[in-house]
Structures are given as structure tokens and as C-alpha cells.
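Content type compact mmCIF, C-alpha atoms, from the file my_file-v1.txt:
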```
# COMPACT_ATOMS: atom_id res chain seq x y z
CA MET A 938 -11.07 6.53 54.02
CA ALA A 939 -9.91 8.53 51.05
CA LYS A 940 -6.41 7.61 49.89
CA ASN A 941 -5.45 11.23 49.30
CA LEU A 942 -6.66 14.53 50.73
CA LEU A 943 -5.43 17.96 49.70
CA ILE A 944 -5.84 21.06 51.88
CA LYS A 945 -5.34 24.17 49.73
CA ASN A 946 -4.48 27.79 50.49
CA GLY A 947 -4.81 27.73 54.27
CA ARG A 948 -2.60 29.52 56.78
CA ILE A 949 -0.53 26.59 58.02
CA ILE A 950 0.66 26.98 61.61
CA ASP A 951 3.09 24.27 62.75
CA PRO A 952 5.25 25.56 65.63
CA ALA A 953 7.30 22.35 65.81
CA ASN A 954 8.63 23.10 62.31
CA ASN A 955 8.54 26.92 62.58
CA ILE A 956 5.91 27.11 59.83
CA ASP A 957 3.45 29.98 59.72
CA LYS A 958 2.54 30.73 56.13
CA LYS A 959 -0.11 30.33 53.47
CA CYS A 960 0.42 27.04 51.63
CA ASP A 961 -1.00 23.54 51.10
CA VAL A 962 -0.96 20.21 52.91
CA LEU A 963 -1.08 16.91 51.02
CA ILE A 964 -2.18 13.78 52.85
CA VAL A 965 -1.45 10.36 51.35
CA ASP A 966 -2.48 7.08 52.98
CA GLY A 967 -3.33 8.81 56.23
CA LYS A 968 0.03 10.53 56.61
CA ILE A 969 1.42 13.96 55.91
CA ALA A 970 3.10 13.78 52.49
CA GLN A 971 3.92 17.41 51.77
CA VAL A 972 3.60 20.86 53.30
CA GLY A 973 4.17 23.74 50.90
CA LYS A 974 3.11 24.52 47.35
CA VAL A 975 1.48 21.29 46.18
CA GLU A 976 1.10 20.89 42.43
CA THR A 977 -0.62 17.52 42.69
CA GLN A 978 -4.37 17.53 42.06
CA SER A 979 -6.79 15.55 44.20
CA GLU A 980 -10.48 14.84 43.81
CA ASN A 981 -10.65 15.16 47.61
CA THR A 982 -9.74 18.78 48.20
CA ILE A 983 -10.54 21.19 51.04
CA ASN A 984 -10.35 24.86 50.14
CA ALA A 985 -8.91 26.42 53.30
CA GLU A 986 -8.71 29.99 51.99
CA GLY A 987 -9.00 32.32 54.99
CA LYS A 988 -8.79 29.39 57.41
CA LEU A 989 -6.14 28.32 59.92
CA VAL A 990 -4.70 24.82 59.59
CA PHE A 991 -3.07 23.30 62.71
CA PRO A 992 -1.61 20.00 63.82
CA GLY A 993 -4.48 18.16 65.49
CA LEU A 994 -5.28 19.63 68.91
CA ILE A 995 -4.63 17.46 71.98
CA ASP A 996 -6.56 17.71 75.25
CA ILE A 997 -4.58 15.95 77.96
CA HIS A 998 -7.29 16.21 80.64
CA VAL A 999 -10.84 14.97 80.03
CA HIS A 1000 -13.40 12.96 81.96
CA PHE A 1001 -15.47 10.65 79.75
CA ARG A 1002 -17.07 8.88 82.77
CA GLU A 1003 -16.94 5.37 81.28
CA PRO A 1004 -17.03 2.90 82.95
CA GLY A 1005 -19.59 3.58 85.64
CA ASP A 1006 -21.33 6.86 84.89
CA GLU A 1007 -22.39 6.45 81.28
CA GLU A 1008 -25.50 8.54 81.91
CA GLU A 1009 -23.17 11.56 82.22
CA GLU A 1010 -20.81 10.77 79.34
CA THR A 1011 -19.55 7.81 77.37
CA ILE A 1012 -16.34 7.38 75.44
CA ALA A 1013 -18.48 7.58 72.28
CA SER A 1014 -20.30 10.81 73.21
CA GLY A 1015 -17.15 12.37 74.65
CA SER A 1016 -15.19 11.50 71.52
CA MET A 1017 -17.85 13.11 69.33
CA ALA A 1018 -17.72 16.21 71.51
CA ALA A 1019 -13.93 16.21 71.22
CA VAL A 1020 -13.79 16.21 67.42
CA ALA A 1021 -16.53 18.87 67.33
CA GLY A 1022 -14.18 20.94 69.48
CA GLY A 1023 -11.24 20.35 67.12
CA PHE A 1024 -9.43 17.77 69.24
CA THR A 1025 -7.83 14.82 67.47
CA SER A 1026 -6.47 13.28 70.69
CA VAL A 1027 -7.67 13.22 74.29
CA VAL A 1028 -6.41 11.72 77.54
CA CYS A 1029 -9.08 10.23 79.82
CA MET A 1030 -8.68 10.52 83.57
CA PRO A 1031 -9.01 7.43 85.78
CA ASN A 1032 -11.59 8.68 88.30
CA THR A 1033 -14.30 6.46 86.87
CA ASP A 1034 -16.41 3.93 88.79
CA PRO A 1035 -14.59 1.58 89.18
CA PRO A 1036 -11.34 3.55 88.82
CA ILE A 1037 -8.92 2.77 85.99
CA ASP A 1038 -6.26 1.15 88.16
CA ASN A 1039 -5.40 -2.00 86.23
CA ALA A 1040 -4.40 -3.09 82.73
CA THR A 1041 -7.82 -4.49 81.85
CA SER A 1042 -9.46 -1.11 82.46
CA VAL A 1043 -6.83 0.67 80.36
CA GLU A 1044 -7.41 -1.78 77.51
CA TYR A 1045 -11.18 -1.29 77.80
CA VAL A 1046 -10.93 2.49 77.32
CA HIS A 1047 -8.62 2.05 74.34
CA ARG A 1048 -10.94 -0.51 72.76
CA MET A 1049 -13.99 1.68 73.17
CA GLY A 1050 -12.08 4.60 71.69
CA ARG A 1051 -11.10 2.56 68.63
CA GLN A 1052 -14.67 1.38 68.14
CA THR A 1053 -15.97 4.95 68.25
CA ARG A 1054 -13.54 6.03 65.49
CA LYS A 1055 -13.58 9.73 66.25
CA THR A 1056 -10.64 11.05 68.24
CA HIS A 1057 -7.58 9.15 69.46
CA VAL A 1058 -8.35 8.14 73.03
CA TYR A 1059 -5.48 7.77 75.48
CA VAL A 1060 -5.73 7.10 79.18
CA MET A 1061 -3.92 7.75 82.44
CA GLY A 1062 -4.05 5.04 85.05
CA ALA A 1063 -4.54 5.65 88.76
CA ILE A 1064 -1.41 6.09 90.88
CA THR A 1065 -2.93 4.13 93.75
CA LYS A 1066 -5.41 1.29 93.96
CA ALA A 1067 -8.99 2.60 93.95
CA ARG A 1068 -7.44 6.10 94.05
CA ALA A 1069 -7.37 5.65 97.83
CA GLY A 1070 -3.84 7.00 98.22
CA GLU A 1071 -2.58 3.94 100.11
CA GLN A 1072 -1.27 1.14 97.88
CA LEU A 1073 0.43 1.70 94.53
CA SER A 1074 -1.48 0.46 91.50
CA GLU A 1075 -0.15 -1.96 88.89
CA MET A 1076 1.76 0.71 86.97
CA GLY A 1077 3.92 -1.78 85.09
CA PHE A 1078 0.99 -3.70 83.65
CA MET A 1079 -0.88 -0.49 82.83
CA THR A 1080 2.18 0.88 81.06
CA GLN A 1081 2.34 -2.28 78.96
CA ALA A 1082 -1.36 -1.81 78.18
CA GLY A 1083 -0.64 1.67 76.84
CA ALA A 1084 -1.25 4.09 79.72
CA VAL A 1085 0.54 7.38 78.96
CA GLY A 1086 0.86 8.40 82.60
CA PHE A 1087 -0.62 8.13 86.07
CA THR A 1088 -2.76 10.35 88.30
CA ASP A 1089 -5.31 9.98 91.07
CA ASP A 1090 -7.08 12.99 89.53
CA GLY A 1091 -9.87 14.25 91.73
CA ASN A 1092 -7.74 13.15 94.67
CA GLY A 1093 -4.24 14.37 95.41
CA VAL A 1094 -1.98 11.67 96.86
CA GLN A 1095 -2.01 12.88 100.46
CA ASN A 1096 0.80 10.74 101.86
CA ALA A 1097 4.25 12.02 100.84
CA SER A 1098 5.82 8.60 101.37
CA VAL A 1099 3.32 6.99 98.97
CA MET A 1100 3.99 9.70 96.38
CA LEU A 1101 7.74 9.21 96.72
CA ARG A 1102 7.35 5.47 96.14
CA ALA A 1103 5.14 6.20 93.14
CA MET A 1104 7.80 8.43 91.60
CA LYS A 1105 10.52 5.84 92.18
CA TYR A 1106 8.35 3.09 90.69
CA ALA A 1107 7.20 5.14 87.70
CA SER A 1108 10.78 6.16 86.90
CA MET A 1109 11.39 2.55 85.83
CA PHE A 1110 9.16 3.02 82.79
CA LYS A 1111 10.15 4.95 79.70
CA ASN A 1112 8.11 8.00 78.60
CA ILE A 1113 5.75 7.95 81.58
CA VAL A 1114 4.62 11.07 83.44
CA LEU A 1115 3.10 11.35 86.92
CA SER A 1116 0.33 13.94 87.11
CA GLN A 1117 -1.13 15.35 90.26
CA HIS A 1118 -4.38 17.03 91.28
CA CYS A 1119 -2.65 19.20 93.85
CA GLN A 1120 -4.79 19.62 96.94
CA ASP A 1121 -3.83 19.04 100.55
CA ASN A 1122 -7.11 17.88 102.04
CA SER A 1123 -6.08 18.82 105.57
CA LEU A 1124 -6.11 22.43 104.37
CA ALA A 1125 -8.98 22.14 101.88
CA GLY A 1126 -11.34 20.48 104.35
CA LYS A 1127 -14.93 20.51 103.10
CA GLY A 1128 -14.47 23.66 101.05
CA VAL A 1129 -16.59 24.20 97.97
CA MET A 1130 -15.14 27.44 96.55
CA ASN A 1131 -12.13 29.71 96.90
CA ALA A 1132 -11.50 30.85 100.47
CA GLY A 1133 -11.79 34.62 100.66
CA PHE A 1134 -14.22 37.51 100.80
CA ASN A 1135 -16.81 35.86 98.54
CA SER A 1136 -16.91 32.54 100.41
CA THR A 1137 -17.37 34.45 103.67
CA ALA A 1138 -20.11 36.64 102.21
CA LEU A 1139 -21.91 33.64 100.74
CA GLY A 1140 -21.59 31.55 103.89
CA LEU A 1141 -19.77 28.76 102.03
CA ALA A 1142 -16.75 26.81 103.22
CA GLY A 1143 -13.63 27.89 101.36
CA ILE A 1144 -10.67 26.04 99.86
CA ASP A 1145 -7.54 27.96 100.82
CA PRO A 1146 -5.10 28.50 97.91
CA LEU A 1147 -2.45 27.10 100.24
CA ALA A 1148 -4.01 23.65 99.82
CA GLU A 1149 -2.88 23.63 96.20
CA GLU A 1150 0.42 25.36 96.78
CA MET A 1151 1.54 23.12 99.65
CA MET A 1152 1.15 19.96 97.60
CA ILE A 1153 2.94 21.46 94.61
CA TRP A 1154 5.82 22.51 96.91
CA ARG A 1155 5.96 19.04 98.49
CA ASP A 1156 5.97 17.22 95.18
CA ILE A 1157 8.67 19.47 93.73
CA GLN A 1158 10.91 18.36 96.62
CA LEU A 1159 10.18 14.75 95.69
CA VAL A 1160 11.04 15.51 92.06
CA ARG A 1161 14.38 16.94 93.25
CA LYS A 1162 15.08 13.59 94.87
CA THR A 1163 13.87 11.30 92.06
CA ASN A 1164 14.12 13.43 88.88
CA MET A 1165 10.81 11.86 87.83
CA ARG A 1166 8.78 13.65 85.13
CA TYR A 1167 5.97 15.41 86.97
CA HIS A 1168 2.95 17.32 85.67
CA VAL A 1169 0.77 19.67 87.71
CA GLN A 1170 -2.86 19.56 86.63
CA HIS A 1171 -5.09 22.65 86.31
CA ILE A 1172 -3.08 25.18 88.32
CA SER A 1173 -5.17 28.02 89.69
CA THR A 1174 -3.19 30.36 91.97
CA ALA A 1175 -0.50 33.02 91.64
CA LYS A 1176 1.72 31.26 94.19
CA SER A 1177 1.41 28.00 92.25
CA VAL A 1178 2.74 29.83 89.22
CA GLU A 1179 5.74 31.02 91.24
CA LEU A 1180 6.50 27.49 92.41
CA ILE A 1181 6.41 26.16 88.83
CA ARG A 1182 8.50 29.07 87.57
CA GLN A 1183 11.22 28.35 90.15
CA ALA A 1184 11.16 24.61 89.45
CA LYS A 1185 11.74 25.30 85.77
CA LYS A 1186 14.57 27.72 86.60
CA ASP A 1187 16.11 24.86 88.58
CA CYS A 1188 15.83 22.66 85.45
CA LEU A 1189 13.53 20.15 87.09
CA PRO A 1190 11.35 17.94 84.82
CA VAL A 1191 8.15 19.73 85.86
CA THR A 1192 5.30 20.76 83.54
CA CYS A 1193 1.83 22.16 84.14
CA GLU A 1194 -1.51 22.93 82.51
CA VAL A 1195 -4.27 25.48 82.90
CA SER A 1196 -7.98 25.17 82.11
CA PRO A 1197 -10.23 27.76 80.42
CA HIS A 1198 -12.25 28.55 83.54
CA HIS A 1199 -9.12 29.64 85.38
CA LEU A 1200 -8.43 32.10 82.56
CA LEU A 1201 -11.89 33.61 82.16
CA LEU A 1202 -13.78 33.27 85.45
CA THR A 1203 -13.24 34.29 89.08
CA ASP A 1204 -14.87 33.54 92.42
CA ASP A 1205 -17.03 36.63 91.85
CA ASP A 1206 -19.02 34.45 89.44
CA CYS A 1207 -20.16 32.23 92.32
CA ARG A 1208 -22.16 35.04 93.93
CA ASP A 1209 -25.49 33.75 92.56
CA TYR A 1210 -24.84 30.23 93.90
CA ASP A 1211 -24.86 28.93 90.29
CA THR A 1212 -23.36 25.45 90.56
CA ASN A 1213 -22.11 25.56 86.96
CA TYR A 1214 -19.31 27.69 88.44
CA LYS A 1215 -18.45 25.06 91.04
CA VAL A 1216 -15.19 23.46 90.00
CA ASN A 1217 -12.11 22.00 91.68
CA PRO A 1218 -9.63 23.60 92.00
CA PRO A 1219 -12.07 26.45 92.54
CA LEU A 1220 -12.33 29.70 90.63
CA ARG A 1221 -9.85 32.06 92.22
CA THR A 1222 -9.37 35.85 92.14
CA ALA A 1223 -8.66 38.30 89.32
CA LYS A 1224 -5.10 38.58 90.66
CA ASP A 1225 -4.63 34.82 90.19
CA VAL A 1226 -6.03 35.00 86.65
CA GLU A 1227 -3.59 37.75 85.72
CA ALA A 1228 -0.66 35.82 87.21
CA ILE A 1229 -1.59 32.77 85.14
CA LYS A 1230 -1.86 34.83 81.96
CA GLN A 1231 1.55 36.36 82.65
CA ALA A 1232 2.98 32.86 83.12
CA ILE A 1233 1.49 31.83 79.78
CA ARG A 1234 3.06 34.90 78.18
CA GLU A 1235 6.45 33.87 79.60
CA GLY A 1236 6.09 30.22 78.55
CA VAL A 1237 6.00 28.95 82.14
CA ILE A 1238 2.71 27.11 81.59
CA ASP A 1239 3.09 24.28 79.12
CA ALA A 1240 -0.37 23.20 78.05
CA LEU A 1241 -4.02 24.18 77.83
CA ALA A 1242 -6.37 21.42 78.99
CA SER A 1243 -10.15 21.63 79.26
CA ASP A 1244 -10.70 19.44 82.35
CA HIS A 1245 -13.99 18.54 80.63
CA ALA A 1246 -16.10 17.26 83.54
CA PRO A 1247 -19.70 16.39 82.58
CA HIS A 1248 -22.44 15.94 85.18
CA LEU A 1249 -26.17 15.30 85.16
CA LYS A 1250 -28.51 18.27 85.28
CA SER A 1251 -30.19 16.77 88.34
CA GLU A 1252 -26.86 16.75 90.18
CA LYS A 1253 -25.98 20.31 89.28
CA GLU A 1254 -29.46 21.43 90.41
CA LEU A 1255 -28.57 20.53 93.98
CA GLU A 1256 -27.59 23.29 96.39
CA PHE A 1257 -24.04 24.61 95.98
CA VAL A 1258 -22.64 22.62 98.91
CA ALA A 1259 -24.01 19.30 97.62
CA ALA A 1260 -23.53 19.70 93.85
CA PRO A 1261 -20.51 18.01 92.24
CA PHE A 1262 -17.48 19.91 91.01
CA GLY A 1263 -16.99 20.26 87.26
CA ILE A 1264 -17.58 22.08 83.99
CA ALA A 1265 -18.30 20.52 80.58
CA SER A 1266 -16.45 22.62 78.02
CA ILE A 1267 -14.51 20.56 75.48
CA GLU A 1268 -16.73 21.67 72.58
CA CYS A 1269 -16.11 25.37 73.19
CA ALA A 1270 -12.63 25.18 74.78
CA LEU A 1271 -10.78 26.42 71.70
CA GLY A 1272 -13.04 29.48 71.44
CA LEU A 1273 -12.53 30.15 75.14
CA TYR A 1274 -8.74 30.04 74.75
CA ILE A 1275 -9.00 32.39 71.77
CA LYS A 1276 -11.10 34.79 73.86
CA ALA A 1277 -8.77 34.64 76.84
CA LEU A 1278 -5.41 34.65 75.09
CA ILE A 1279 -5.58 35.66 71.41
CA GLU A 1280 -8.14 38.45 71.54
CA THR A 1281 -6.35 39.94 74.57
CA LYS A 1282 -2.96 39.58 72.84
CA VAL A 1283 -1.47 37.54 75.67
CA ILE A 1284 0.04 35.21 73.04
CA ASP A 1285 -0.12 34.75 69.27
CA TRP A 1286 -1.50 31.90 67.17
CA PRO A 1287 1.73 29.85 66.95
CA GLN A 1288 2.07 29.97 70.73
CA LEU A 1289 -1.54 28.90 71.19
CA VAL A 1290 -1.12 25.97 68.79
CA SER A 1291 2.08 24.95 70.56
CA MET A 1292 0.22 24.84 73.89
CA MET A 1293 -2.62 22.81 72.38
CA ALA A 1294 -0.70 20.40 70.16
CA GLU A 1295 3.09 20.26 70.22
CA ARG A 1296 3.68 20.61 73.96
CA PRO A 1297 0.80 18.36 75.13
CA ALA A 1298 2.16 15.64 72.81
CA LYS A 1299 5.56 15.91 74.51
CA ILE A 1300 4.03 15.74 77.99
CA ILE A 1301 2.32 12.42 77.25
CA SER A 1302 5.15 11.23 74.95
CA VAL A 1303 3.12 10.57 71.81
CA ASP A 1304 4.43 11.14 68.29
CA LYS A 1305 1.93 13.85 67.41
CA GLY A 1306 1.48 17.60 67.47
CA THR A 1307 3.29 18.38 64.21
CA LEU A 1308 2.70 18.41 60.44
CA THR A 1309 6.06 16.82 59.70
CA PRO A 1310 5.98 14.71 56.49
CA GLY A 1311 5.65 11.04 57.38
CA LYS A 1312 3.68 11.68 60.55
CA GLN A 1313 0.06 10.66 61.01
CA ALA A 1314 -2.26 13.24 59.48
CA ASP A 1315 -4.10 14.64 62.50
CA ILE A 1316 -5.24 18.14 61.52
CA THR A 1317 -7.62 20.80 62.81
CA ILE A 1318 -9.00 23.50 60.48
CA ILE A 1319 -10.79 26.54 61.89
CA ASP A 1320 -12.23 29.81 60.69
CA PRO A 1321 -10.72 32.36 63.10
CA ASN A 1322 -13.24 35.06 62.19
CA THR A 1323 -16.50 33.15 62.44
CA GLU A 1324 -18.43 34.13 65.57
CA TYR A 1325 -20.78 31.66 67.17
CA THR A 1326 -22.92 31.48 70.28
CA VAL A 1327 -22.38 28.67 72.75
CA ASP A 1328 -25.58 26.63 72.94
CA VAL A 1329 -25.40 23.74 75.40
CA GLU A 1330 -28.49 22.15 73.88
CA LYS A 1331 -26.46 21.56 70.72
CA PHE A 1332 -23.58 19.91 72.55
CA HIS A 1333 -22.65 16.39 71.48
CA SER A 1334 -21.73 15.77 75.08
CA LYS A 1335 -24.45 14.10 77.13
CA SER A 1336 -24.10 16.75 79.83
CA LYS A 1337 -24.80 20.48 79.66
CA ASN A 1338 -23.20 21.79 82.87
CA CYS A 1339 -21.49 24.71 81.21
CA PRO A 1340 -21.40 28.31 82.49
CA TYR A 1341 -20.57 29.63 79.00
CA ASN A 1342 -24.05 29.04 77.57
CA GLY A 1343 -24.94 32.13 75.52
CA TRP A 1344 -21.36 33.40 75.27
CA LYS A 1345 -20.26 34.67 71.86
CA LEU A 1346 -16.94 33.17 70.79
CA LYS A 1347 -14.74 33.23 67.71
CA GLY A 1348 -12.84 30.41 66.04
CA LYS A 1349 -15.31 27.93 64.61
CA VAL A 1350 -13.99 24.44 63.97
CA GLU A 1351 -14.68 23.50 60.34
CA TYR A 1352 -12.81 20.19 59.98
CA THR A 1353 -11.24 17.70 62.35
CA ILE A 1354 -9.10 15.19 60.48
CA VAL A 1355 -7.81 12.08 62.28
CA GLY A 1356 -5.37 9.77 60.51
CA GLY A 1357 -6.16 11.44 57.20
CA GLU A 1358 -9.91 10.84 57.59
CA ILE A 1359 -12.42 13.66 58.09
CA ARG A 1360 -14.05 12.76 61.42
CA TYR A 1361 -15.93 16.04 61.81
CA SER A 1362 -16.98 18.84 59.46
CA ILE A 1363 -19.56 21.61 59.68
CA SER A 1364 -20.83 20.87 56.16
```

Once you've parsed the file, please lay out its structure as C-alpha cells.
Amino acid sequence: MAKNLLIKNGRIIDPANNIDKKCDVLIVDGKIAQVGKVETQSENTINAEGKLVFPGLIDIHVHFREPGDEEEETIASGSMAAVAGGFTSVVCMPNTDPPIDNATSVEYVHRMGRQTRKTHVYVMGAITKARAGEQLSEMGFMTQAGAVGFTDDGNGVQNASVMLRAMKYASMFKNIVLSQHCQDNSLAGKGVMNAGFNSTALGLAGIDPLAEEMMIWRDIQLVRKTNMRYHVQHISTAKSVELIRQAKKDCLPVTCEVSPHHLLLTDDDCRDYDTNYKVNPPLRTAKDVEAIKQAIREGVIDALASDHAPHLKSEKELEFVAAPFGIASIECALGLYIKALIETKVIDWPQLVSMMAERPAKIISVDKGTLTPGKQADITIIDPNTEYTVDVEKFHSKSKNCPYNGWKLKGKVEYTIVGGEIRYSIS
């Protein structure tokens, strides 16, 4: 690793420090040394003229499938995909096979991430053993092993009493967040897409929006009782937005995220039975999309998270009912957010960077997401004007289940710098 690295003449956007101006960034020994007009010369210099320079982007919701389904993704391939997408940190979900529900599994993911030497790899442990929703997992040991939070992602904890115990238990540990895939299975049943006109017309079982909203409402009542930090994963409905908005008005410690597909796609896209559009929570209606965008505009939604969910081609070639849920999108996620939010003027660049760096770092309680001198030099550099075409065959991810193939996007990642070291560059 180079001792020093100088980034010259870029537009530096660091919302945590209210910086949005053309200047330089000097990195010394892997840390931010100076942001401003740097007179020091360096043999390792990046000319960022016309480029945007951010704190390293953080994706707090990815599925890297290891251990158990390495044919779909590994921590190594997922990490390479992450840095290609501009992400310097990711948080792996525990719905692996076997699930990440003990300290040894947490340590394994961290070790594999360190060996890969691409992005920082964090992990959330399972709330319950085997993600079965019955017995609490070993949260204390997993916290000691470095878990940044807990979720049974893919499964919502169905039993309110179990979730209450989980909140009480997790509140014993500093800087831990409980995340929830909000879906009441008694309402969702065997649904495979949003319940509504399209599911009826297609003859497919629907997932009622109420399945998501009921669990969010229930858990907010538990938060009122425990004051435990609680994070709603990939919200998808207008009513969910209202529930989060009210919880924040009531000053509850509740945060939430949204994924690119719930900003750009609707259940109309399922009309051809293309399983690349099958995701959970399902694609909703245009009304839901607009409500989510309005919530982003107001600052109600805290973070943007890809929910990168790779699957084998052979699995996604099954009929819609049998195919697995999920979209692989971490390599084009930034461009998708730019398309959904910047090009439509929903928010500006500093707000986007805040939702992809500063605020995700706070949710998982890591000391990142800023360009403050003395902090680790995790930096993303993009060309906001370069247009590119999404080509799944060029993905670093092992899986290609992506409905955006062929889309034209802007915002090409040019450098991803982790700990002062260039881990990805287009050159």
C-alpha cells in the first residue's frame, strides 16, 4: 500500500462535515490527513477534475451466500462486486446455509472478508437460532465476535413475545441494532408478488401490503416499550412510510432503508412472468413508489441499501411460482439511485451521499461515512456524467439475476479506495 495518496481537484462531498466544494484530499498512512487546498506533492496522485469524491459508500444489506451457497456468490466474489459498485463497506445478512447464528460463523465471515482484501465486510447475526423464530440466538457471543446487529432477514420474527425478548436482550449490548424483514406470514401466505390487479390478472398468489405494515406496526409498539434501536429493512409500501414517519415524530429510535427496485420498478413489470422481477418484499404500485420518494425527500427514509440477492440462472429459469426471490444489483446500485433520485431531482448529491455513507454508518455504529481528518481513508470517486450500459455478463458477481440488463445509467465508479489503498479502478 502506498504511504501517501493525493486526490486533486475533485468535487468533495462530505455531508457529515458540510463540505461540498472543489478541493483536494490527502491520505497518509491509510488515513485522511487533509481536506482542502493541499500544497504537498505526491508521486501517487489521482486527478479528480470533473469527478465527485465521497466518503466510501456503505451497503448495509447484502447477501454473499457464504457459507452454503458458494455457487451463487462467495464473500470474495461479492466483495469484488461491491468495490466495483463503489462500496467500501458491506453488511452481510445471516440467511446462509447454515445460518449465521453463532460467534464462530460471525468470525468466519470476517476472516474471509479480510482475506479477500476488497471491501470491509461486516455481518449481522440471526435473531433466533436457525432463523426459526423460536429460540433466541447467542447474541452476546456474536456481539463479542463483532456482529453489528441482528436480523432473521428473509424471515420476519412472527411471534411478538419472541421479538420482545429479543429487544430486551439486545438492549444489553452497546451500539447494536435489531433489523427486521417485516412480513406477517399469516397475511402473506404463499404469495409471490404484490396482491392487486396484476396478481389477479396473472393468476398468481399475492402478498398483501398489510403483511408488511402489520409487522412494522407491531414492532413499533415493542420499541415503545423497550426503546431498543430498531431498523426496518427494504420498506415497500405507502402505509409503511406513514408508520415510520409517525414513529420518528414520536422520537422513537426507528430507522429504515429502501432498495433500488422499490424506487424504479412496479408490479406492472411482472406482467411477462419474468422472474428477475420476483423479489421480497414484492414490487408494489406506482403510488407506493411515489410515497417512498416523497419520504426520501423529507428525510424520513434513512438509508439506501441494495438487498443484493444473487441466484443461479437455473433457479431463476423456473416458473414464477417456484423461482426464488431476489435481484443481484450491487454493481449498478449507485447508478440506479442516481437515476431514481438525482436525475428526477428528488434529492441532491449531498443528500444521496448522506443516505449511502454517513447515515448507514450510524445505523450499524461504525466509525465511517466521513472524510474527517484522522479517520480511515475509505473513499469513492465517480464520474457523474459518464453513461454506461448495464451488462450482467460483465458482473463480478457470480450471479446475473438482474432486471436492469441493458439499462443506460450515469455515474461510473472510477476508484474505490479502502483504508487508503486503491481496491478498484477502471484503469

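You can rank A:Lys1299, A:His1198, A:Lys1250, A:His1333 by their closest distance to Tyr1274 (chain A) using all atoms listed in the file, and at the top of that list sits A:His1198.
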
Up to 10 Å from (-19.2, 21.2, 84.5) in the file's coordinates: name the residues, counting all atoms listed in the file, as a CSV table (one decimal) with C-alpha atoms, in the frame of the given file.
```
chain,number,residue,atom,x,y,z
A,1212,THR,CA,-23.4,25.4,90.6
A,1213,ASN,CA,-22.1,25.6,87.0
A,1214,TYR,CA,-19.3,27.7,88.4
A,1215,LYS,CA,-18.4,25.1,91.0
A,1216,VAL,CA,-15.2,23.5,90.0
A,1244,ASP,CA,-10.7,19.4,82.4
A,1245,HIS,CA,-14.0,18.5,80.6
A,1246,ALA,CA,-16.1,17.3,83.5
A,1247,PRO,CA,-19.7,16.4,82.6
A,1248,HIS,CA,-22.4,15.9,85.2
A,1249,LEU,CA,-26.2,15.3,85.2
A,1250,LYS,CA,-28.5,18.3,85.3
A,1253,LYS,CA,-26.0,20.3,89.3
A,1261,PRO,CA,-20.5,18.0,92.2
A,1262,PHE,CA,-17.5,19.9,91.0
A,1263,GLY,CA,-17.0,20.3,87.3
A,1264,ILE,CA,-17.6,22.1,84.0
A,1265,ALA,CA,-18.3,20.5,80.6
A,1266,SER,CA,-16.4,22.6,78.0
A,1336,SER,CA,-24.1,16.8,79.8
A,1337,LYS,CA,-24.8,20.5,79.7
A,1338,ASN,CA,-23.2,21.8,82.9
A,1339,CYS,CA,-21.5,24.7,81.2
A,1340,PRO,CA,-21.4,28.3,82.5
```

**Study point:** Contact residues around Met1076 (chain A) with only C-alpha atoms at 10 Å, ignoring same-chain residues under 4 positions, as a ChimeraX atom specification
**Key:** /A:1038-1040,1062-1065,1080-1082,1084,1086-1087,1103,1106-1107,1109-1110,1113

**Study point:** Polymer residues at most 10 Å from Pro1190 (chain A), only C-alpha atoms, same-chain spacing of 3 or more positions, as number ranges by chain
**Key:** A: 1114, 1157, 1160-1161, 1164-1168, 1184-1185, 1187

Practice item. Point out the residue among A:Ile1359, A:Met1100, A:Ile1354, A:Ala1242 with the least atom-to-atom distance to Ala1270 (chain A), counting all atoms listed in the file. Key: A:Ala1242

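The space separating CA of Met1061 (chain A) from CA of Ile995 (chain A) comes to 14.3 Å.
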
Check your understanding: Using all atoms listed in the file, which residues sit within 10 Å of His1000 (chain A) once same-chain residues fewer than 3 positions away are excluded, as a PyMOL selection string?
Key -> chain A and resi 1003+1009-1012+1015+1027-1033+1090+1243-1247+1263+1265

Point to revise | Proximity to Gly1357 (chain A) - best of A:Leu1220, A:Val965, A:Ala1228, A:Cys1119, only C-alpha atoms | key: A:Val965

Practice item. Using all atoms listed in the file, determine which residues lie at most 10 Å from region 1138-1143 of chain A, disregarding the query and same-chain residues fewer than 4 positions distant; provide the list as a list in words. Key: Leu1124, Ala1125, Gly1126, Lys1127, Gly1128, Val1129, Met1130, Asn1131, Ala1132, Gly1133, Phe1134, Cys1207, Arg1208, Asp1209, Tyr1210, Pro1219, Phe1257 and Val1258 of chain A

Point to revise | Selected residue of minimal separation from Glu1179 (chain A) among A:Ser1098, A:Gln1231, A:Asn1342, A:Thr1163, counting all atoms listed in the file | key: A:Gln1231
